[in-house]
There are 2 protein chains.
Amino acid sequence: MGTTKSAYFTDKQNQLATLAKALAHPARIAILDYLLKVDTCICGDIVNELPLAQPTISQHLKELKNAGLIKGNIDGNAICYCINEKALEVLQTYFSNITNKMEIKKSSCC
Amino acid sequence: MGTTKSAYFTDKQNQLATLAKALAHPARIAILDYLLKVDTCICGDIVNELPLAQPTISQHLKELKNAGLIKGNIDGNAICYCINEKALEVLQTYFSNITNKMEIKKSSCC
DNA sequence: AAACTATATCGTAATATTGCAATATAAGAA
DNA sequence: TTCTTATATTGCAATATTACGATATAGTTT
């Protein structure tokens, strides 16, 4: 008990849930927002951008990276993070498909 | 400790994180998928569609409803659930904006 | 009314997440 | 080499999530 029963669902459903889970925290949304705002990869100052302790941010970055939402390259002393387009395209496609379908059927009740 | 520090982030960041959290479980993705597949609102047979116990599904439906992703109307004995387009448009817009921005800047490193 | 059906709530065990102090690692600068 | 800077890891306390049996609620049928 307590564990998500991933085996009961499709790969696609698990993939989307994993990506959503990685975004299910405002600090991780804020990290994505920041990576988008600055116009290049960020080597260093993410910790100064957020009101959380360094180990906490490191942990959030790890989760984003594990989910494939960001990539990190070592650059000497620092680490250079940037957004992984491919993961975001998966999400964009999923939600576009849904809103398209909704548009077509024009909700028949509720 | 242990609690998300929502007050440190913007309303928009918290809103997106809340929506993402509601989708951060394959059962809830499966529920959305099912509501999309059948071409109308569903009054009744969600429990039979998923390999989880009835109280568990009821709980997942509640979370989707609290997040505003689905709407539920009482229909006699049953409850009629359907997708709330507005919440999904918020997500669709967010991810479309991101992929558009990524397209324009064409990642300068990583 | 009594039986049945559909859904929600309660209570609880197992597990996961969040946040951070302390500490470790590793590269660059002095 | 020693100092500094940047990031990761460990360990732990607080809290949240997941799953479900038991039970409650409420409408429908007989």
# chains A, B, ... in the order shown; residues from 1 in each chain; ligands from 1
call {"tool": "closest_atom_pairs", "arguments": {"of": "chain C", "to": "region 7-30 of chain D", "cutoff": "8 Å", "atoms": "only C-alpha atoms (C1' of nucleotides)", "output": "JSON lines"}}
result
{"residue": "C:DA3", "atom": "C1'", "partner": "D:DT30", "partner_atom": "C1'", "distance": 7.9}
{"residue": "C:DC4", "atom": "C1'", "partner": "D:DT29", "partner_atom": "C1'", "distance": 7.4}
{"residue": "C:DT5", "atom": "C1'", "partner": "D:DT28", "partner_atom": "C1'", "distance": 7.7}
{"residue": "C:DA8", "atom": "C1'", "partner": "D:DT25", "partner_atom": "C1'", "distance": 7.5}
{"residue": "C:DT9", "atom": "C1'", "partner": "D:DA24", "partner_atom": "C1'", "distance": 7.1}
{"residue": "C:DC10", "atom": "C1'", "partner": "D:DT23", "partner_atom": "C1'", "distance": 7.9}
{"residue": "C:DT15", "atom": "C1'", "partner": "D:DT18", "partner_atom": "C1'", "distance": 7.8}
{"residue": "C:DA16", "atom": "C1'", "partner": "D:DT17", "partner_atom": "C1'", "distance": 6.9}
{"residue": "C:DT17", "atom": "C1'", "partner": "D:DA16", "partner_atom": "C1'", "distance": 6.9}
{"residue": "C:DT18", "atom": "C1'", "partner": "D:DT15", "partner_atom": "C1'", "distance": 7.8}
{"residue": "C:DT23", "atom": "C1'", "partner": "D:DT10", "partner_atom": "C1'", "distance": 7.8}
{"residue": "C:DA24", "atom": "C1'", "partner": "D:DT9", "partner_atom": "C1'", "distance": 7.0}
{"residue": "C:DT25", "atom": "C1'", "partner": "D:DA8", "partner_atom": "C1'", "distance": 7.4}
call {"tool": "write_last_selection", "arguments": {"atoms": "C-alpha atoms (C1' of nucleotides)", "output": "compact mmCIF listing (two decimals), in the first residue's frame"}}
result
# COMPACT_ATOMS: atom_id res chain seq x y z
C1' DA C 3 -33.30 -4.30 -1.21
C1' DC C 4 -30.19 -2.69 -4.47
C1' DT C 5 -26.94 0.53 -6.81
C1' DA C 8 -18.46 9.41 -0.68
C1' DT C 9 -16.14 9.45 3.73
C1' DC C 10 -13.44 7.55 7.63
C1' DT C 15 5.25 4.93 1.12
C1' DA C 16 6.76 9.40 -0.95
C1' DT C 17 7.80 14.30 -0.82
C1' DT C 18 9.59 18.59 1.11
C1' DT C 23 28.92 17.37 5.23
C1' DA C 24 31.14 15.82 0.91
C1' DT C 25 33.01 16.59 -3.66
call {"tool": "residues_around", "arguments": {"residues": "Ala20 (chain A)", "least_positions_apart": "5", "cutoff": "12 Å", "atoms": "only C-alpha atoms (C1' of nucleotides)", "output": "MDAnalysis selection string"}}
result
(chainID A and resid 13:15 25 28:29 63:64 67:69 87:88 90:92 94:95) or (chainID B and resid 16:26 28:29 91 95)
call {"tool": "write_last_selection", "arguments": {"atoms": "N, CA and C atoms", "output": "mmCIF file, in the first residue's frame"}}
result
data_model
loop_
_atom_site.group_PDB
_atom_site.id
_atom_site.type_symbol
_atom_site.label_atom_id
_atom_site.label_comp_id
_atom_site.auth_asym_id
_atom_site.auth_seq_id
_atom_site.Cartn_x
_atom_site.Cartn_y
_atom_site.Cartn_z
ATOM 1 N N GLN A 13 0.571 6.626 -20.224
ATOM 2 C CA GLN A 13 -0.035 7.211 -19.031
ATOM 3 C C GLN A 13 1.004 7.408 -17.935
ATOM 4 N N ASN A 14 1.889 6.438 -17.777
ATOM 5 C CA ASN A 14 2.941 6.576 -16.768
ATOM 6 C C ASN A 14 3.934 7.678 -17.150
ATOM 7 N N GLN A 15 4.240 7.774 -18.430
ATOM 8 C CA GLN A 15 5.170 8.817 -18.888
ATOM 9 C C GLN A 15 4.610 10.210 -18.591
ATOM 10 N N HIS A 25 5.342 21.101 -8.474
ATOM 11 C CA HIS A 25 5.851 21.905 -7.365
ATOM 12 C C HIS A 25 6.215 23.291 -7.891
ATOM 13 N N ARG A 28 9.695 24.106 -8.983
ATOM 14 C CA ARG A 28 10.168 23.524 -10.243
ATOM 15 C C ARG A 28 9.574 24.267 -11.439
ATOM 16 N N ILE A 29 8.354 24.775 -11.298
ATOM 17 C CA ILE A 29 7.798 25.657 -12.325
ATOM 18 C C ILE A 29 8.649 26.928 -12.397
ATOM 19 N N GLU A 63 15.256 16.328 -9.708
ATOM 20 C CA GLU A 63 13.977 15.747 -10.120
ATOM 21 C C GLU A 63 13.596 16.162 -11.530
ATOM 22 N N LEU A 64 13.848 17.424 -11.845
ATOM 23 C CA LEU A 64 13.571 17.889 -13.206
ATOM 24 C C LEU A 64 14.446 17.146 -14.203
ATOM 25 N N ALA A 67 13.375 13.475 -14.696
ATOM 26 C CA ALA A 67 12.171 13.378 -15.525
ATOM 27 C C ALA A 67 12.468 13.739 -16.975
ATOM 28 N N GLY A 68 13.682 14.250 -17.219
ATOM 29 C CA GLY A 68 14.068 14.599 -18.590
ATOM 30 C C GLY A 68 13.620 15.980 -19.015
ATOM 31 N N LEU A 69 13.133 16.786 -18.077
ATOM 32 C CA LEU A 69 12.647 18.117 -18.446
ATOM 33 C C LEU A 69 13.770 19.121 -18.644
ATOM 34 N N ALA A 87 10.950 16.848 -24.020
ATOM 35 C CA ALA A 87 9.987 16.514 -22.965
ATOM 36 C C ALA A 87 8.823 17.492 -22.984
ATOM 37 N N LEU A 88 9.123 18.759 -23.247
ATOM 38 C CA LEU A 88 8.057 19.754 -23.249
ATOM 39 C C LEU A 88 7.152 19.601 -24.454
ATOM 40 N N VAL A 90 6.333 16.729 -25.675
ATOM 41 C CA VAL A 90 5.415 15.640 -25.318
ATOM 42 C C VAL A 90 4.193 16.206 -24.599
ATOM 43 N N LEU A 91 4.452 17.097 -23.653
ATOM 44 C CA LEU A 91 3.353 17.698 -22.900
ATOM 45 C C LEU A 91 2.509 18.617 -23.782
ATOM 46 N N GLN A 92 3.192 19.401 -24.602
ATOM 47 C CA GLN A 92 2.467 20.338 -25.469
ATOM 48 C C GLN A 92 1.536 19.571 -26.403
ATOM 49 N N TYR A 94 0.287 16.553 -25.960
ATOM 50 C CA TYR A 94 -0.807 15.939 -25.200
ATOM 51 C C TYR A 94 -1.932 16.940 -24.947
ATOM 52 N N PHE A 95 -1.585 18.112 -24.449
ATOM 53 C CA PHE A 95 -2.632 19.076 -24.109
ATOM 54 C C PHE A 95 -3.263 19.701 -25.341
ATOM 55 N N LEU B 16 -0.176 26.496 -11.807
ATOM 56 C CA LEU B 16 0.343 25.465 -12.711
ATOM 57 C C LEU B 16 0.802 24.231 -11.942
ATOM 58 N N ALA B 17 1.450 24.456 -10.808
ATOM 59 C CA ALA B 17 1.918 23.321 -9.997
ATOM 60 C C ALA B 17 0.729 22.501 -9.488
ATOM 61 N N THR B 18 -0.336 23.183 -9.114
ATOM 62 C CA THR B 18 -1.530 22.491 -8.624
ATOM 63 C C THR B 18 -2.165 21.646 -9.733
ATOM 64 N N LEU B 19 -2.255 22.225 -10.930
ATOM 65 C CA LEU B 19 -2.806 21.459 -12.055
ATOM 66 C C LEU B 19 -1.911 20.270 -12.373
ATOM 67 N N ALA B 20 -0.610 20.505 -12.373
ATOM 68 C CA ALA B 20 0.328 19.412 -12.665
ATOM 69 C C ALA B 20 0.221 18.319 -11.614
ATOM 70 N N LYS B 21 0.075 18.715 -10.364
ATOM 71 C CA LYS B 21 -0.030 17.733 -9.295
ATOM 72 C C LYS B 21 -1.269 16.861 -9.470
ATOM 73 N N ALA B 22 -2.343 17.467 -9.913
ATOM 74 C CA ALA B 22 -3.571 16.698 -10.135
ATOM 75 C C ALA B 22 -3.378 15.658 -11.242
ATOM 76 N N LEU B 23 -2.435 15.917 -12.126
ATOM 77 C CA LEU B 23 -2.187 14.973 -13.226
ATOM 78 C C LEU B 23 -1.010 14.052 -12.935
ATOM 79 N N ALA B 24 -0.443 14.179 -11.751
ATOM 80 C CA ALA B 24 0.788 13.456 -11.441
ATOM 81 C C ALA B 24 0.540 12.032 -10.964
ATOM 82 N N HIS B 25 -0.466 11.398 -11.517
ATOM 83 C CA HIS B 25 -0.740 10.006 -11.179
ATOM 84 C C HIS B 25 -1.380 9.317 -12.385
ATOM 85 N N PRO B 26 -0.844 8.147 -12.771
ATOM 86 C CA PRO B 26 -1.345 7.505 -13.998
ATOM 87 C C PRO B 26 -2.841 7.211 -13.955
ATOM 88 N N ARG B 28 -5.087 9.107 -12.754
ATOM 89 C CA ARG B 28 -5.813 10.335 -13.081
ATOM 90 C C ARG B 28 -5.648 10.682 -14.553
ATOM 91 N N ILE B 29 -4.493 10.360 -15.127
ATOM 92 C CA ILE B 29 -4.338 10.494 -16.578
ATOM 93 C C ILE B 29 -5.314 9.537 -17.267
ATOM 94 N N LEU B 91 -3.232 24.782 -19.271
ATOM 95 C CA LEU B 91 -2.043 23.949 -19.471
ATOM 96 C C LEU B 91 -1.580 23.998 -20.925
ATOM 97 N N PHE B 95 2.224 25.269 -22.127
ATOM 98 C CA PHE B 95 3.216 24.451 -22.836
ATOM 99 C C PHE B 95 3.422 24.921 -24.272
#
call {"tool": "closest_atom_pairs", "arguments": {"of": "chain A", "to": "chain C", "cutoff": "7 Å", "atoms": "only C-alpha atoms (C1' of nucleotides)", "output": "JSON lines"}}
result
{"residue": "A:Met1", "atom": "CA", "partner": "C:DA14", "partner_atom": "C1'", "distance": 4.9}
{"residue": "A:Gly2", "atom": "CA", "partner": "C:DT15", "partner_atom": "C1'", "distance": 4.7}
{"residue": "A:Thr3", "atom": "CA", "partner": "C:DT15", "partner_atom": "C1'", "distance": 5.8}
{"residue": "A:Ala53", "atom": "CA", "partner": "C:DC20", "partner_atom": "C1'", "distance": 6.8}
{"residue": "A:Thr56", "atom": "CA", "partner": "C:DG19", "partner_atom": "C1'", "distance": 6.1}
{"residue": "A:Gly76", "atom": "CA", "partner": "C:DA27", "partner_atom": "C1'", "distance": 6.0}
{"residue": "A:Asn77", "atom": "CA", "partner": "C:DA27", "partner_atom": "C1'", "distance": 4.6}
call {"tool": "write_last_selection", "arguments": {"atoms": "C-alpha atoms", "output": "short mmCIF file (atom, residue, chain, number, x, y, z; two decimals), in the first residue's frame"}}
result
data_model
loop_
_atom_site.label_atom_id
_atom_site.label_comp_id
_atom_site.auth_asym_id
_atom_site.auth_seq_id
_atom_site.Cartn_x
_atom_site.Cartn_y
_atom_site.Cartn_z
CA MET A 1 0.00 0.00 0.00
CA GLY A 2 1.00 3.59 -0.49
CA THR A 3 2.82 2.87 -3.74
CA ALA A 53 18.12 26.61 0.58
CA THR A 56 16.53 21.98 -1.62
CA GLY A 76 34.18 23.71 -15.05
CA ASN A 77 33.16 24.62 -11.57
#
call {"tool": "closest_residue", "arguments": {"among": "B:Leu36, B:Ile70, B:Ala78, B:Leu61", "to": "Asn100 (chain A)", "atoms": "only C-alpha atoms"}}
result
B:Leu36
call {"tool": "select_by_dssp", "arguments": {"residues": "region 24-105 of chain B", "states": "alpha helix (DSSP H)", "output": "JSON, numbers by chain"}}
result
{"B": [26, 27, 28, 29, 30, 31, 32, 33, 34, 35, 36, 37, 46, 47, 48, 49, 54, 55, 56, 57, 58, 59, 60, 61, 62, 63, 64, 65, 66, 85, 86, 87, 88, 89, 90, 91, 92, 93, 94, 95, 96, 97, 98, 99, 100, 101, 102, 103, 104, 105]}
call {"tool": "write_last_selection", "arguments": {"atoms": "C-alpha atoms", "output": "compact mmCIF listing (two decimals), in the first residue's frame"}}
result
# COMPACT_ATOMS: atom_id res chain seq x y z
CA PRO B 26 -1.35 7.51 -14.00
CA ALA B 27 -4.84 6.70 -12.71
CA ARG B 28 -5.81 10.33 -13.08
CA ILE B 29 -4.34 10.49 -16.58
CA ALA B 30 -6.31 7.32 -17.34
CA ILE B 31 -9.50 8.96 -16.08
CA LEU B 32 -8.95 11.96 -18.34
CA ASP B 33 -8.17 9.65 -21.26
CA TYR B 34 -11.38 7.77 -20.64
CA LEU B 35 -13.48 10.91 -20.39
CA LEU B 36 -12.03 11.96 -23.74
CA LYS B 37 -12.48 8.58 -25.39
CA ILE B 46 -15.47 4.88 -14.36
CA VAL B 47 -14.96 2.42 -11.54
CA ASN B 48 -15.30 -0.52 -13.92
CA GLU B 49 -12.76 0.99 -16.30
CA GLN B 54 -13.89 2.10 -5.68
CA PRO B 55 -12.76 4.30 -2.75
CA THR B 56 -9.41 4.86 -4.47
CA ILE B 57 -11.07 5.99 -7.69
CA SER B 58 -13.47 8.19 -5.77
CA GLN B 59 -10.46 9.84 -4.17
CA HIS B 60 -8.72 10.39 -7.52
CA LEU B 61 -11.90 11.89 -8.97
CA LYS B 62 -12.08 14.22 -6.00
CA GLU B 63 -8.55 15.44 -6.63
CA LEU B 64 -9.24 16.06 -10.29
CA LYS B 65 -12.38 17.94 -9.33
CA ASN B 66 -10.65 20.01 -6.64
CA GLU B 85 -11.97 22.68 -20.87
CA LYS B 86 -10.81 25.83 -19.16
CA ALA B 87 -8.28 24.12 -16.92
CA LEU B 88 -6.87 22.19 -19.84
CA GLU B 89 -6.59 25.36 -21.87
CA VAL B 90 -4.43 26.87 -19.13
CA LEU B 91 -2.04 23.95 -19.47
CA GLN B 92 -2.17 23.92 -23.24
CA THR B 93 -1.36 27.62 -23.39
CA TYR B 94 1.52 27.26 -20.95
CA PHE B 95 3.22 24.45 -22.84
CA SER B 96 2.56 26.00 -26.24
CA ASN B 97 4.21 29.20 -25.08
CA ILE B 98 7.22 27.28 -23.86
CA THR B 99 7.70 25.26 -27.02
CA ASN B 100 7.23 28.42 -29.11
CA LYS B 101 9.92 30.23 -27.16
CA MET B 102 12.23 27.25 -27.47
CA GLU B 103 11.62 27.16 -31.22
CA ILE B 104 12.63 30.80 -31.55
CA LYS B 105 15.80 30.73 -29.55
call {"tool": "atom_distance", "arguments": {"atom1": "CA of Leu50 (chain A)", "atom2": "CA of Thr10 (chain B)"}}
result
11.6 Å
call {"tool": "atom_distance", "arguments": {"atom1": "CA of Ile74 (chain A)", "atom2": "CA of Val38 (chain A)"}}
result
18.6 Å
call {"tool": "atom_distance", "arguments": {"atom1": "C1' of DT4 (chain D)", "atom2": "CA of Leu52 (chain A)"}}
result
22.2 Å
